[in-house]
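Note: the block below is work_36.pdb and it holds PDB, C-alpha atoms.
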ATOM      1  CA  MET A   1      -3.373   2.343   7.587
ATOM      2  CA  ILE A   2      -0.734   3.775   5.289
ATOM      3  CA  GLY A   3       2.568   1.965   5.109
ATOM      4  CA  ASP A   4       5.685   1.177   3.130
ATOM      5  CA  ALA A   5       6.727  -2.206   4.498
ATOM      6  CA  PRO A   6       5.399  -5.763   4.694
ATOM      7  CA  GLY A   7       5.179  -5.373   8.477
ATOM      8  CA  ASP A   8       2.803  -2.449   8.001
ATOM      9  CA  LEU A   9       0.563  -4.596   5.796
ATOM     10  CA  LYS A  10       0.645  -7.390   8.382
ATOM     11  CA  ALA A  11      -0.267  -4.966  11.169
ATOM     12  CA  ALA A  12      -3.202  -3.662   9.140
ATOM     13  CA  ARG A  13      -4.431  -7.195   8.420
ATOM     14  CA  ASP A  14      -3.950  -8.281  12.049
ATOM     15  CA  ASN A  15      -6.199  -5.388  13.084
ATOM     16  CA  ASN A  16      -8.802  -5.748  10.323
ATOM     17  CA  ALA A  17      -7.793  -2.369   8.898
ATOM     18  CA  LEU A  18      -7.633  -1.253   5.301
ATOM     19  CA  PHE A  19      -4.121  -0.732   3.942
ATOM     20  CA  PHE A  20      -2.796   1.842   1.495
ATOM     21  CA  PRO A  21       0.697   0.898   0.341
ATOM     22  CA  ILE A  22       3.458   3.368  -0.400
ATOM     23  CA  ASP A  23       5.338   1.647  -3.212
ATOM     24  CA  PRO A  24       9.128   1.390  -2.874
ATOM     25  CA  GLY A  25      10.817   3.482  -5.526
ATOM     26  CA  ALA A  26       7.551   5.257  -6.341
ATOM     27  CA  GLU A  27       6.837   7.066  -3.119
ATOM     28  CA  ASP A  28       5.794  10.391  -4.660
ATOM     29  CA  ALA A  29       3.486   8.652  -7.140
ATOM     30  CA  SER A  30       1.916   6.615  -4.324
ATOM     31  CA  TRP A  31       1.101   9.737  -2.323
ATOM     32  CA  GLN A  32      -0.373  11.283  -5.467
ATOM     33  CA  VAL A  33      -2.630   8.244  -5.997
ATOM     34  CA  LEU A  34      -3.762   8.471  -2.389
ATOM     35  CA  PHE A  35      -4.573  12.160  -2.839
ATOM     36  CA  GLU A  36      -6.223  11.835  -6.252
ATOM     37  CA  GLU A  37      -8.306   8.694  -5.764
ATOM     38  CA  GLY A  38      -7.576   6.647  -2.652
ATOM     39  CA  LEU A  39      -9.042   9.065  -0.128
ATOM     40  CA  ASP A  40     -12.195   9.617  -2.204
ATOM     41  CA  ARG A  41     -12.698   5.853  -2.446
ATOM     42  CA  PHE A  42     -12.128   5.452   1.285
ATOM     43  CA  PHE A  43     -14.739   8.061   2.192
ATOM     44  CA  ALA A  44     -17.161   6.762  -0.454
ATOM     45  CA  GLY A  45     -16.862   3.224   0.914
ATOM     46  CA  THR A  46     -15.378   1.820  -2.311
ATOM     47  CA  TYR A  47     -11.766   1.371  -1.188
ATOM     48  CA  ALA A  48     -12.097  -2.148   0.253
ATOM     49  CA  GLY A  49     -12.155  -5.071  -2.131
ATOM     50  CA  ALA A  50     -10.828  -5.004  -5.677
ATOM     51  CA  TYR A  51      -9.244  -1.544  -5.471
ATOM     52  CA  GLU A  52      -7.261  -2.270  -2.306
ATOM     53  CA  LYS A  53      -6.325  -5.716  -3.641
ATOM     54  CA  LYS A  54      -4.919  -4.180  -6.849
ATOM     55  CA  LEU A  55      -2.767  -1.731  -4.869
ATOM     56  CA  VAL A  56      -1.469  -4.417  -2.499
ATOM     57  CA  GLU A  57      -0.616  -6.759  -5.393
ATOM     58  CA  GLN A  58       1.386  -3.985  -7.062
ATOM     59  CA  PHE A  59       3.118  -3.257  -3.739
ATOM     60  CA  ASP A  60       4.040  -6.945  -3.354
ATOM     61  CA  ARG A  61       5.532  -7.051  -6.868
ATOM     62  CA  LEU A  62       7.765  -4.058  -6.112
ATOM     63  CA  LEU A  63       9.200  -5.409  -2.863
ATOM     64  CA  PRO A  64      12.690  -6.882  -3.168
ATOM     65  CA  GLU A  65      13.092 -10.567  -2.363
ATOM     66  CA  ARG A  66      15.680  -9.636   0.244
ATOM     67  CA  PRO A  67      15.787  -6.261   1.967
ATOM     68  CA  PRO A  68      18.963  -4.296   1.129
ATOM     69  CA  TRP A  69      20.168  -4.456   4.742
ATOM     70  CA  LYS A  70      20.187  -8.291   4.626
ATOM     71  CA  LYS A  71      22.490  -8.593   1.605
TER      72      LYS A  71
END

What's the C-alpha cells form of this structure?
Amino acid sequence: MIGDAPGDLKAARDNNALFFPIDPGAEDASWQVLFEEGLDRFFAGTYAGAYEKKLVEQFDRLLPERPPWKK
C-alpha cells in the first residue's frame, strides 16, 4: 500500500500489507524513490524488513506532532 498519512500505515499493518510512505514535504522525492528502487525491491522480494522499516521510520520523523488542521 502506498500512503501519506498515519491512517494509511495503520490500514496496511491491520491488513498485513507492505507500506510505502509518501513523505510529507518531500512528495516528489518519495515517488522518485518508489520508481528508482522501491518497486524493484518489491518485485525482487527484498522490500519487506529493513528497507521498509527505514522508510517508515523516516516517514514517522517527518510527521508533525499535531496535524495543521488541529492547531

Can you write out as JSON lines which residues of segment 7-27 of chain A fall within 8 Å of segment 53-66 of chain A, alongside each residue's closest atom pair and its distance in Å to one decimal, counting all atoms listed in the file and ordering rows by chain and ascending residue number?
{"residue": "A:Phe19", "atom": "CA", "partner": "A:Val56", "partner_atom": "CA", "distance": 7.9}
{"residue": "A:Phe20", "atom": "CA", "partner": "A:Leu55", "partner_atom": "CA", "distance": 7.3}
{"residue": "A:Pro21", "atom": "CA", "partner": "A:Phe59", "partner_atom": "CA", "distance": 6.3}
{"residue": "A:Ile22", "atom": "CA", "partner": "A:Phe59", "partner_atom": "CA", "distance": 7.4}
{"residue": "A:Asp23", "atom": "CA", "partner": "A:Phe59", "partner_atom": "CA", "distance": 5.4}
{"residue": "A:Pro24", "atom": "CA", "partner": "A:Leu62", "partner_atom": "CA", "distance": 6.5}

### Query
atom CA of Ala48 of chain A and atom CA of Arg13 of chain A, how far apart in Å?
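Atom CA of Ala48 of chain A lies at a distance of 12.3 Å from atom CA of Arg13 of chain A.
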
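In this structure, atom CA of Gly45 of chain A sits 28.4 Å away from atom CA of Gly25 of chain A.
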
How big is the axis-aligned box, and where does its centre sit, when it encloses all atoms of segment 20-35 of chain A listed in the file and has 4 Å added on every side, reported in Å to one decimal as lines of an AutoDock Vina configuration file?
center_x = 3.1
center_y = 6.5
center_z = -2.8
size_x = 23.4
size_y = 19.3
size_z = 16.6

Exercise for the section: For atom CA of Phe42 of chain A and atom CA of Glu27 of chain A, determine how far apart the two atoms are, in Å to one decimal place. Expected result: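 These atoms are spaced 19.5 Å apart.
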
Residue with the minimum atom-to-atom distance to Asn15 of chain A, picked from A:Asp28, A:Met1, A:Glu52, A:Thr46 with only C-alpha atoms counted, is A:Met1
